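Engineer: The following file, structure-v5.txt, comprises compact mmCIF, C-alpha atoms:
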```
# COMPACT_ATOMS: atom_id res chain seq x y z
CA MET A 1224 92.99 148.56 80.68
CA LYS A 1225 93.63 145.91 78.06
CA ILE A 1226 92.24 142.44 78.63
CA GLU A 1227 93.02 139.43 76.41
CA VAL A 1228 90.94 136.29 76.80
CA PHE A 1229 92.17 132.99 75.38
CA GLU A 1230 89.40 130.43 75.38
CA SER A 1231 90.09 126.74 75.57
CA SER A 1232 89.86 125.12 72.16
CA CYS A 1233 89.80 121.48 73.13
CA CYS A 1234 88.97 119.09 76.00
CA LYS A 1235 87.23 121.49 78.32
CA SER A 1236 85.08 124.17 76.76
CA SER A 1237 85.40 127.45 78.58
CA ASN A 1238 83.41 130.61 78.93
CA VAL A 1239 85.91 133.07 80.29
CA TYR A 1240 84.94 135.85 77.88
CA ASP A 1241 81.36 136.12 79.18
CA LEU A 1242 82.65 136.10 82.72
CA VAL A 1243 85.09 138.92 81.98
CA GLU A 1244 82.42 140.97 80.11
CA ARG A 1245 80.10 140.69 83.09
CA ALA A 1246 82.85 141.67 85.52
CA VAL A 1247 83.86 144.65 83.36
CA ASN A 1248 80.27 145.87 83.05
CA GLU A 1249 79.47 145.44 86.70
CA SER A 1250 82.61 147.04 88.03
CA GLY A 1251 82.43 149.88 85.51
CA VAL A 1252 86.10 149.60 84.56
CA ASN A 1253 87.12 151.09 81.25
CA ALA A 1254 88.59 148.09 79.45
CA GLU A 1255 89.16 146.83 75.97
CA VAL A 1256 88.45 143.09 75.89
CA THR A 1257 89.66 140.87 73.06
CA LYS A 1258 88.95 137.20 72.65
CA ALA A 1259 90.83 134.40 70.87
CA SER A 1260 89.62 130.83 70.57
CA ASP A 1261 92.37 129.48 68.36
CA THR A 1262 95.28 127.63 69.94
CA MET A 1263 97.76 129.16 67.50
CA GLU A 1264 96.87 132.67 68.63
CA ALA A 1265 97.52 131.66 72.22
CA ILE A 1266 100.86 130.10 71.27
CA LYS A 1267 101.92 133.24 69.39
CA ARG A 1268 101.07 135.29 72.45
CA GLY A 1269 103.36 133.03 74.52
CA ILE A 1270 100.51 131.19 76.25
CA MET A 1271 100.78 127.40 76.41
CA ARG A 1272 97.75 126.53 78.48
CA THR A 1273 94.18 127.59 77.81
CA PRO A 1274 91.88 129.04 79.01
CA ALA A 1275 94.02 132.00 79.92
CA LEU A 1276 93.53 135.62 80.91
CA VAL A 1277 96.06 138.36 80.21
CA ILE A 1278 95.50 141.75 81.81
CA ASP A 1279 97.69 144.65 80.69
CA GLY A 1280 100.27 142.26 79.31
CA LYS A 1281 100.44 140.05 82.39
CA ALA A 1282 99.07 136.49 82.40
CA VAL A 1283 97.12 136.39 85.64
CA CYS A 1284 95.63 132.99 85.04
CA ALA A 1285 96.44 130.13 82.65
CA GLY A 1286 95.26 126.55 82.29
CA ARG A 1287 92.10 127.05 84.30
CA ALA A 1288 88.93 129.09 84.19
CA PRO A 1289 89.03 131.89 86.75
CA LYS A 1290 86.23 132.58 89.21
CA TYR A 1291 84.08 135.69 88.90
CA GLU A 1292 85.36 137.12 92.20
CA GLU A 1293 88.93 136.68 91.06
CA VAL A 1294 88.29 138.58 87.84
CA VAL A 1295 86.69 141.43 89.77
CA ASP A 1296 89.68 141.49 92.06
CA TRP A 1297 92.11 141.64 89.12
CA LEU A 1298 90.11 144.40 87.45
CA SER A 1299 90.40 146.51 90.56
CA GLY A 1300 94.16 146.12 90.38
CA GLY A 1301 94.42 143.22 92.83
CA LYS A 1302 97.28 141.58 90.94
CA SER A 1303 99.24 144.29 89.26
CA MET B 1212 96.45 102.56 110.98
CA PHE B 1213 94.41 101.85 107.84
CA LYS B 1214 94.90 98.12 108.34
CA TYR B 1215 93.61 98.50 111.90
CA PHE B 1216 90.55 100.38 110.67
CA ALA B 1217 89.77 97.75 108.01
CA ASP B 1218 90.14 94.89 110.50
CA LEU B 1219 88.06 96.75 113.05
CA VAL B 1220 85.17 97.25 110.61
CA VAL B 1221 85.26 93.81 109.01
CA PHE B 1222 86.03 91.53 111.94
CA ASP B 1223 84.85 93.41 115.04
CA TRP B 1224 81.89 95.50 113.88
CA LEU B 1225 80.53 93.21 111.19
CA GLY B 1226 81.82 90.04 112.84
CA LEU B 1227 82.72 88.35 109.54
CA PRO B 1228 84.71 85.13 109.60
CA PRO B 1229 88.35 85.51 108.46
CA GLY B 1230 89.43 83.58 105.38
CA ASP B 1231 86.06 83.75 103.65
CA PRO B 1232 86.21 85.26 100.09
CA PHE B 1233 83.69 88.00 100.90
CA THR B 1234 85.56 88.98 104.05
CA THR B 1235 88.83 89.11 102.13
CA ALA B 1236 87.26 91.28 99.44
CA LEU B 1237 85.60 93.65 101.92
CA ASN B 1238 88.73 93.91 104.03
CA PHE B 1239 90.76 94.79 100.94
CA PHE B 1240 88.20 97.45 100.04
CA MET B 1241 87.95 98.95 103.53
CA TYR B 1242 91.72 99.06 103.76
CA GLY B 1243 92.38 100.45 100.30
CA VAL B 1244 89.80 103.19 99.82
CA PRO B 1245 90.53 105.36 102.90
CA LYS B 1246 94.27 104.86 102.49
CA ILE B 1247 94.30 105.84 98.82
CA LEU B 1248 92.03 108.84 99.36
CA VAL B 1249 94.15 110.22 102.20
CA LEU B 1250 97.43 109.68 100.31
CA MET B 1251 95.89 111.05 97.12
CA THR B 1252 94.73 114.24 98.84
CA VAL B 1253 98.14 114.87 100.37
CA ALA B 1254 100.00 114.07 97.13
CA ILE B 1255 97.79 116.15 94.85
CA PHE B 1256 97.97 119.13 97.19
CA ALA B 1257 101.74 118.94 97.50
CA VAL B 1258 102.29 118.46 93.77
CA SER B 1259 99.91 121.32 92.92
CA ILE B 1260 101.98 123.70 95.02
CA ILE B 1261 105.27 122.49 93.49
CA ARG B 1262 103.70 122.61 90.02
CA SER B 1263 102.73 126.26 90.45
CA TYR B 1264 106.47 127.07 90.44
CA PHE B 1265 106.97 125.31 87.10
CA PRO B 1266 104.42 126.64 84.61
CA PRO B 1267 105.28 125.46 81.06
CA GLU B 1268 105.81 129.09 79.99
CA LYS B 1269 108.69 129.22 82.47
CA THR B 1270 109.86 125.64 81.87
CA LYS B 1271 110.48 126.27 78.18
CA LYS B 1272 112.80 129.16 78.94
CA TYR B 1273 114.55 127.10 81.56
CA LEU B 1274 115.08 124.21 79.12
CA SER B 1275 115.95 126.21 76.04
CA ASN B 1276 119.47 125.61 74.72
CA ARG B 1277 120.16 123.12 77.50
CA ARG B 1278 122.89 120.62 76.84
CA THR B 1279 121.42 117.27 75.92
CA PHE B 1280 121.32 114.63 78.62
CA VAL B 1281 121.21 117.16 81.45
CA GLY B 1282 118.33 118.73 79.54
CA ASN B 1283 116.72 115.31 79.05
CA ILE B 1284 116.89 114.59 82.78
CA LEU B 1285 115.41 117.97 83.73
CA ALA B 1286 112.68 117.66 81.09
CA ALA B 1287 111.69 114.18 82.27
CA LEU B 1288 111.51 115.35 85.89
CA ILE B 1289 109.45 118.43 85.04
CA GLY B 1290 107.22 116.16 82.93
CA ILE B 1291 106.22 114.29 86.10
CA LEU B 1292 104.78 117.49 87.52
CA THR B 1293 102.91 118.49 84.41
CA PRO B 1294 99.47 117.01 83.90
CA PHE B 1295 98.95 115.90 80.36
CA CYS B 1296 96.06 115.60 77.98
CA SER B 1297 96.69 114.73 74.34
CA CYS B 1298 95.27 118.02 73.15
CA SER B 1299 97.78 120.04 75.16
CA ALA B 1300 100.62 118.18 73.42
CA VAL B 1301 100.64 120.48 70.37
CA PRO B 1302 100.81 123.84 72.17
CA LEU B 1303 103.45 122.45 74.52
CA PHE B 1304 105.47 121.03 71.63
CA ILE B 1305 105.38 124.21 69.54
CA GLY B 1306 106.06 126.38 72.57
CA PHE B 1307 109.12 124.34 73.52
CA ILE B 1308 110.59 124.12 70.01
CA GLU B 1309 109.93 127.80 69.37
CA ALA B 1310 111.72 128.73 72.59
CA GLY B 1311 114.80 126.81 71.45
CA VAL B 1312 114.35 123.67 73.57
CA PRO B 1313 116.24 120.86 71.74
CA LEU B 1314 114.02 118.30 70.01
CA GLY B 1315 115.25 115.36 72.09
CA VAL B 1316 114.71 117.27 75.34
CA THR B 1317 111.17 118.13 74.23
CA PHE B 1318 110.51 114.44 73.62
CA SER B 1319 111.76 113.49 77.10
CA PHE B 1320 109.12 115.85 78.44
CA LEU B 1321 106.39 114.50 76.15
CA VAL B 1322 107.13 110.92 77.24
CA SER B 1323 107.30 111.42 80.99
CA SER B 1324 104.31 113.77 81.22
CA PRO B 1325 101.56 111.19 80.49
CA MET B 1326 103.49 108.22 81.85
CA VAL B 1327 104.31 109.46 85.36
CA ASN B 1328 102.05 111.54 87.60
CA GLU B 1329 101.03 111.72 91.24
CA VAL B 1330 97.54 110.25 90.83
CA GLY B 1331 98.85 107.15 89.06
CA LEU B 1332 101.68 106.86 91.58
CA ILE B 1333 99.30 106.80 94.54
CA MET B 1334 97.02 104.28 92.83
CA LEU B 1335 100.01 101.99 92.28
CA LEU B 1336 101.15 102.56 95.84
CA GLY B 1337 97.70 101.79 97.22
CA MET B 1338 97.16 98.60 95.26
CA PHE B 1339 100.68 97.18 94.91
CA GLY B 1340 102.78 98.82 97.63
CA TRP B 1341 105.66 101.24 97.40
CA LYS B 1342 108.13 98.90 95.69
CA VAL B 1343 106.08 98.51 92.53
CA ALA B 1344 105.17 102.23 92.57
CA LEU B 1345 108.82 103.20 92.83
CA LEU B 1346 109.84 100.70 90.15
CA TYR B 1347 107.24 102.12 87.79
CA VAL B 1348 108.14 105.77 88.38
CA THR B 1349 111.88 105.20 88.13
CA SER B 1350 111.64 103.19 84.94
CA GLY B 1351 109.18 105.69 83.45
CA VAL B 1352 111.63 108.55 84.04
CA VAL B 1353 114.60 106.52 82.76
CA ILE B 1354 112.68 105.56 79.60
CA ALA B 1355 111.76 109.22 79.04
CA ILE B 1356 115.38 110.33 79.45
CA ILE B 1357 116.82 107.64 77.18
CA SER B 1358 114.25 107.78 74.39
CA GLY B 1359 114.49 111.58 74.26
CA TYR B 1360 118.26 111.38 74.27
CA VAL B 1361 118.30 108.87 71.40
CA ILE B 1362 115.88 110.98 69.34
CA GLY B 1363 118.12 113.99 69.97
CA LYS B 1364 121.19 112.09 68.78
CA PHE B 1365 119.50 111.27 65.44
CA ASN B 1366 119.26 114.99 64.49
CA LEU B 1367 115.73 114.74 63.21
CA GLU B 1368 114.87 118.45 63.26
CA HIS B 1369 114.02 118.33 59.54
CA LEU B 1370 111.18 115.91 60.32
CA VAL B 1371 109.30 118.54 62.29
CA GLU B 1372 106.70 120.35 60.16
CA ASP B 1373 108.38 123.43 58.71
CA TYR B 1374 105.79 125.92 59.91
CA VAL B 1375 106.70 125.15 63.53
CA TYR B 1376 110.07 126.86 63.06
CA GLN B 1377 108.46 129.93 61.52
CA ILE B 1378 106.26 130.67 64.49
CA LYS B 1379 107.53 133.56 66.54
CA SER B 1380 105.80 133.91 69.82
CA GLU B 1381 105.87 136.82 72.19
CA ASP B 1382 107.02 136.59 75.74
CA VAL B 1383 104.13 136.91 78.09
CA GLU B 1384 104.81 138.03 81.60
CA ILE B 1385 103.46 135.54 84.11
CA TYR B 1386 102.02 136.77 87.36
CA GLU B 1387 103.93 135.35 90.34
CA PRO B 1388 101.39 134.30 92.96
CA THR B 1389 102.16 134.68 96.64
CA PHE B 1390 102.58 131.50 98.67
CA ALA B 1391 99.14 131.97 100.22
CA GLU B 1392 97.63 132.25 96.73
CA ARG B 1393 99.44 129.08 95.63
CA CYS B 1394 98.03 127.21 98.64
CA ARG B 1395 94.52 128.50 98.01
CA GLU B 1396 94.67 127.46 94.36
CA ALA B 1397 96.18 124.06 95.24
CA LYS B 1398 93.44 123.49 97.82
CA ARG B 1399 90.72 124.25 95.30
CA PHE B 1400 92.34 122.04 92.68
CA THR B 1401 92.80 119.18 95.15
CA ILE B 1402 89.21 119.30 96.37
CA ASN B 1403 87.87 119.28 92.79
CA LEU B 1404 90.12 116.46 91.66
CA VAL B 1405 89.68 114.22 94.71
CA ARG B 1406 85.92 114.68 94.51
CA LYS B 1407 86.06 113.66 90.86
CA ILE B 1408 88.15 110.55 91.44
CA ALA B 1409 86.76 109.37 94.80
CA LEU B 1410 84.01 107.32 93.22
CA TYR B 1411 86.46 105.97 90.70
CA VAL B 1412 88.85 104.88 93.47
CA ALA B 1413 85.96 103.13 95.25
CA VAL B 1414 84.97 101.26 92.07
CA ALA B 1415 88.58 100.34 91.32
CA MET B 1416 89.09 98.99 94.83
CA ALA B 1417 85.76 97.11 94.71
CA VAL B 1418 86.89 95.42 91.49
CA GLY B 1419 90.31 94.79 93.04
CA GLY B 1420 88.69 93.37 96.19
CA PHE B 1421 86.44 91.11 94.16
CA ILE B 1422 89.36 89.73 92.15
CA HIS B 1423 91.41 89.42 95.33
CA GLY B 1424 88.70 87.44 97.06
CA TYR B 1425 87.05 85.42 94.33
CA VAL B 1426 88.92 84.98 91.07
CA PRO B 1427 91.33 82.06 91.08
CA SER B 1428 94.84 83.02 90.10
CA ASP B 1429 96.84 81.35 87.34
CA PHE B 1430 94.06 82.17 84.89
CA LEU B 1431 96.38 83.95 82.45
CA VAL B 1432 99.52 81.99 83.20
CA THR B 1433 98.78 79.50 80.45
CA TYR B 1434 98.69 82.21 77.80
CA ALA B 1435 100.98 84.97 78.93
CA GLY B 1436 102.93 83.56 81.84
CA ARG B 1437 106.67 83.23 82.12
CA GLY B 1438 106.58 80.26 79.76
CA ASN B 1439 105.62 82.52 76.85
CA SER B 1440 108.68 84.55 75.94
CA LEU B 1441 106.73 86.65 73.43
CA ALA B 1442 104.17 87.78 76.00
CA VAL B 1443 105.94 91.12 76.67
CA PRO B 1444 106.07 92.36 73.04
CA LEU B 1445 102.57 91.02 72.50
CA VAL B 1446 100.94 92.96 75.34
CA VAL B 1447 102.98 96.08 74.50
CA LEU B 1448 101.84 96.02 70.88
CA ILE B 1449 98.26 95.63 72.07
CA GLY B 1450 98.73 98.52 74.50
CA VAL B 1451 100.41 101.03 72.16
CA PRO B 1452 97.33 102.21 70.20
CA MET B 1453 95.13 102.18 73.32
CA TYR B 1454 94.88 105.08 75.71
CA ASN B 1455 93.98 105.28 79.36
CA SER B 1456 95.53 107.24 82.21
CA VAL B 1457 97.91 105.45 84.58
CA ALA B 1458 95.36 105.72 87.39
CA GLY B 1459 92.66 104.31 85.13
CA MET B 1460 94.84 101.36 84.19
CA VAL B 1461 95.89 100.33 87.70
CA PRO B 1462 92.80 98.21 88.54
CA ILE B 1463 93.09 96.46 85.17
CA VAL B 1464 96.77 95.76 85.75
CA TYR B 1465 95.91 94.57 89.24
CA ALA B 1466 93.48 92.07 87.75
CA LEU B 1467 96.09 90.87 85.25
CA ILE B 1468 98.71 90.34 87.96
CA GLU B 1469 96.29 88.56 90.29
CA LYS B 1470 95.40 86.25 87.43
CA GLY B 1471 99.00 85.29 86.95
CA LEU B 1472 100.52 87.75 84.48
CA PRO B 1473 104.14 88.44 85.53
CA LEU B 1474 104.85 91.90 87.00
CA GLY B 1475 107.18 93.00 84.18
CA THR B 1476 104.70 92.04 81.49
CA SER B 1477 101.91 93.86 83.34
CA LEU B 1478 103.91 97.04 83.93
CA ALA B 1479 105.04 97.05 80.29
CA PHE B 1480 101.38 96.90 79.28
CA LEU B 1481 100.57 99.77 81.66
CA MET B 1482 103.39 101.89 80.23
CA ALA B 1483 102.43 101.19 76.62
CA VAL B 1484 98.83 102.23 77.26
CA ALA B 1485 99.75 105.39 79.20
CA ALA B 1486 102.68 106.65 77.12
CA LEU B 1487 101.53 106.02 73.57
CA SER B 1488 98.15 106.14 71.91
CA LEU B 1489 96.63 106.41 68.48
CA PRO B 1490 94.77 109.68 69.27
CA GLU B 1491 98.02 111.26 70.46
CA MET B 1492 99.83 110.19 67.28
CA ILE B 1493 97.07 111.72 65.15
CA ILE B 1494 97.30 114.97 67.12
CA LEU B 1495 101.10 115.03 66.85
CA LYS B 1496 100.77 114.71 63.09
CA ARG B 1497 99.94 118.42 63.12
CA VAL B 1498 103.52 119.21 64.12
CA LEU B 1499 105.58 116.13 63.18
CA LYS B 1500 106.13 114.36 59.90
CA VAL B 1501 104.92 110.75 59.83
CA LYS B 1502 108.46 109.44 59.74
CA LEU B 1503 109.34 111.13 63.04
CA ILE B 1504 106.15 109.83 64.68
CA ALA B 1505 107.12 106.34 63.50
CA ILE B 1506 110.65 106.71 64.92
CA TYR B 1507 109.32 108.09 68.21
CA VAL B 1508 106.78 105.27 68.58
CA SER B 1509 109.36 102.60 67.65
CA ILE B 1510 112.01 103.81 70.11
CA LEU B 1511 109.51 104.08 72.93
CA THR B 1512 107.97 100.68 72.14
CA VAL B 1513 111.37 98.98 72.16
CA ALA B 1514 112.32 100.74 75.42
CA ILE B 1515 109.09 99.57 77.08
CA ILE B 1516 109.50 95.98 75.85
CA LEU B 1517 113.08 95.85 77.18
CA THR B 1518 111.90 97.23 80.54
CA GLY B 1519 109.24 94.51 80.68
CA TYR B 1520 111.83 91.79 80.10
CA LEU B 1521 114.19 93.36 82.63
CA PHE B 1522 111.53 93.37 85.37
CA ASN B 1523 110.48 89.82 84.59
CA ALA B 1524 114.11 88.81 84.96
CA ILE B 1525 114.83 90.61 88.24
CA VAL B 1526 111.52 90.51 90.14
```
Would you mind writing the file out in structure tokens?
Structural biologist:
Amino acid sequence: MKIEVFESSCCKSSNVYDLVERAVNESGVNAEVTKASDTMEAIKRGIMRTPALVIDGKAVCAGRAPKYEEVVDWLSGGKS
Amino acid sequence: MFKYFADLVVFDWLGLPPGDPFTTALNFFMYGVPKILVLMTVAIFAVSIIRSYFPPEKTKKYLSNRRTFVGNILAALIGILTPFCSCSAVPLFIGFIEAGVPLGVTFSFLVSSPMVNEVGLIMLLGMFGWKVALLYVTSGVVIAIISGYVIGKFNLEHLVEDYVYQIKSEDVEIYEPTFAERCREAKRFTINLVRKIALYVAVAMAVGGFIHGYVPSDFLVTYAGRGNSLAVPLVVLIGVPMYNSVAGMVPIVYALIEKGLPLGTSLAFLMAVAALSLPEMIILKRVLKVKLIAIYVSILTVAIILTGYLFNAIV
């Protein structure tokens, strides 16, 4: 599983990466997590709102910080 | 219903004498706060659900290579739904341009997004009634359409920073939530937002009530009333560099109107503060050359001034 985290770079500071790390560790999923904090990287990836979370190429959440339970749900294939 | 509640509390339960300034102020407050909060909750929830169907990642594809004018109208309407903070202006701008959305259409979106939104609309509705709210929203959308259209006609693409055109972004697949998921997300968003602005609404209405009950009107008439034909450009030029959200400006505008500033002059001030600001111009400098920012600001300023005069003439 490939997880891309795009942190918010302005107004609201976000902490999605830590949340995702915790969820990955606790659910024991085998995942490669990358993190980007720069707006340009998000734009190049096609994301226009941060924070955002892309799992296996699909943006499951953009423009808001997800909740822990949601992330766990997505890791277990809840939205694929 | 809300009027009945306010009268019940103020006159029956508290037994206050009608006509007294304190009674007037309290009645205004007791009427306004519950009404605005109920309307606000309904509006934010409804708009959140509609908004979930128009994420900017989808909007840009929808607007790319649109004919001008039709594109300007669509962009201005979608701008209403999109919440705006100055820092999201750059990613939105680059994303739109990169996806092939015409420059003028992108500007229509950038103008309507901060100027018209559901929270500001309900605040206007609550404090001034539906006529003023409708007047504001309609003119905001029309200004966004026209100013974007004019910018598009000028063919100013060369005044966008060159690197913007070199960016190639990937297409990210967006997860389509089910309707139940949209409702759940909208509910959470609404609760958070209403909780955040409830206190603000109460303070705004307390200030409004105080002015309503105590401050004599005609205070500003001498300086910026109908007699002063330069009042509209003057307040607009003061408002342009300032920034506050529409909702944040409503109590201030209420105070200005109660003190005798004409409606058109006041709404022009509100638009100038909401639509344009110095921080936004500085942020836009990352993607636009100074000349284009100057053109954009000038067109919008003129459009707002004309709208102010028009409202003063017809209302």
Engineer: When you get a sec, could you note down which chain A residues fall within 10 Å of chain B, using only C-alpha atoms, as a list of chain:residue names?
Structural biologist: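 Residues passing the distance filter: A:Ser1232, A:Cys1233, A:Cys1234, A:Thr1262, A:Met1263, A:Glu1264, A:Ala1265, A:Ile1266, A:Lys1267, A:Arg1268, A:Gly1269, A:Ile1270, A:Met1271, A:Arg1272, A:Thr1273, A:Val1277, A:Ile1278, A:Asp1279, A:Gly1280, A:Lys1281, A:Ala1282, A:Val1283, A:Cys1284, A:Ala1285, A:Gly1286, A:Arg1287, A:Lys1302, A:Ser1303.
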Engineer: Could you list, as a list in words, every residue within 6 Å of Lys1258 (chain A), counting all atoms listed in the file and ignoring same-chain residues fewer than 3 positions away?
Structural biologist: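 The neighbour list is Glu1227, Val1228 and Phe1229 of chain A.
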Engineer: Region 1466-1479 of chain B, all listed atoms, 4 Å padding on each side: what axis-aligned box centre and edge lengths in Å to one decimal come out, as JSON?
Structural biologist:
```
{"center_x": 100.3, "center_y": 91.2, "center_z": 85.3, "size_x": 21.7, "size_y": 19.8, "size_z": 18.0}
```
Engineer: What's the separation between CA of Pro1274 (chain A) and CA of Trp1297 (chain A), in Å to one decimal place?
Structural biologist: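 That distance, rounded to one decimal, is 16.2 Å.
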Engineer: Take CA of Tyr1425 (chain B) and CA of Val1412 (chain B) and report the distance between them in Å, one decimal.
Structural biologist: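 Computed distance, CA of Tyr1425 (chain B) to CA of Val1412 (chain B), equals 19.6 Å.
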Engineer: Counting only C-alpha atoms, I want the residues whose atoms come within 12 Å of (79.2, 143.4, 88.6) in the file frame, returned as a PyMOL selection string.
Structural biologist: chain A and resi 1242-1252+1291-1292+1294-1296+1298-1299
Engineer: One number please: CA of Phe1216 (chain B) to CA of Val1330 (chain B), in Å, one decimal.
Structural biologist: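 Pair CA of Phe1216 (chain B) / CA of Val1330 (chain B) returns 23.2 Å.
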Engineer: Place a sphere of radius 10 Å on (84.5, 89.8, 101.0) in the file coordinates and name every protein, DNA or RNA residue with an atom inside or on its surface, counting all atoms listed in the file; give the answer as a list of chain:residue names.
Structural biologist: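 Output: B:Val1221, B:Leu1227, B:Pro1228, B:Pro1229, B:Gly1230, B:Asp1231, B:Pro1232, B:Phe1233, B:Thr1234, B:Thr1235, B:Ala1236, B:Leu1237, B:Asn1238, B:Phe1239, B:Phe1240, B:Ala1417, B:Gly1420, B:Phe1421, B:His1423, B:Gly1424, B:Tyr1425.
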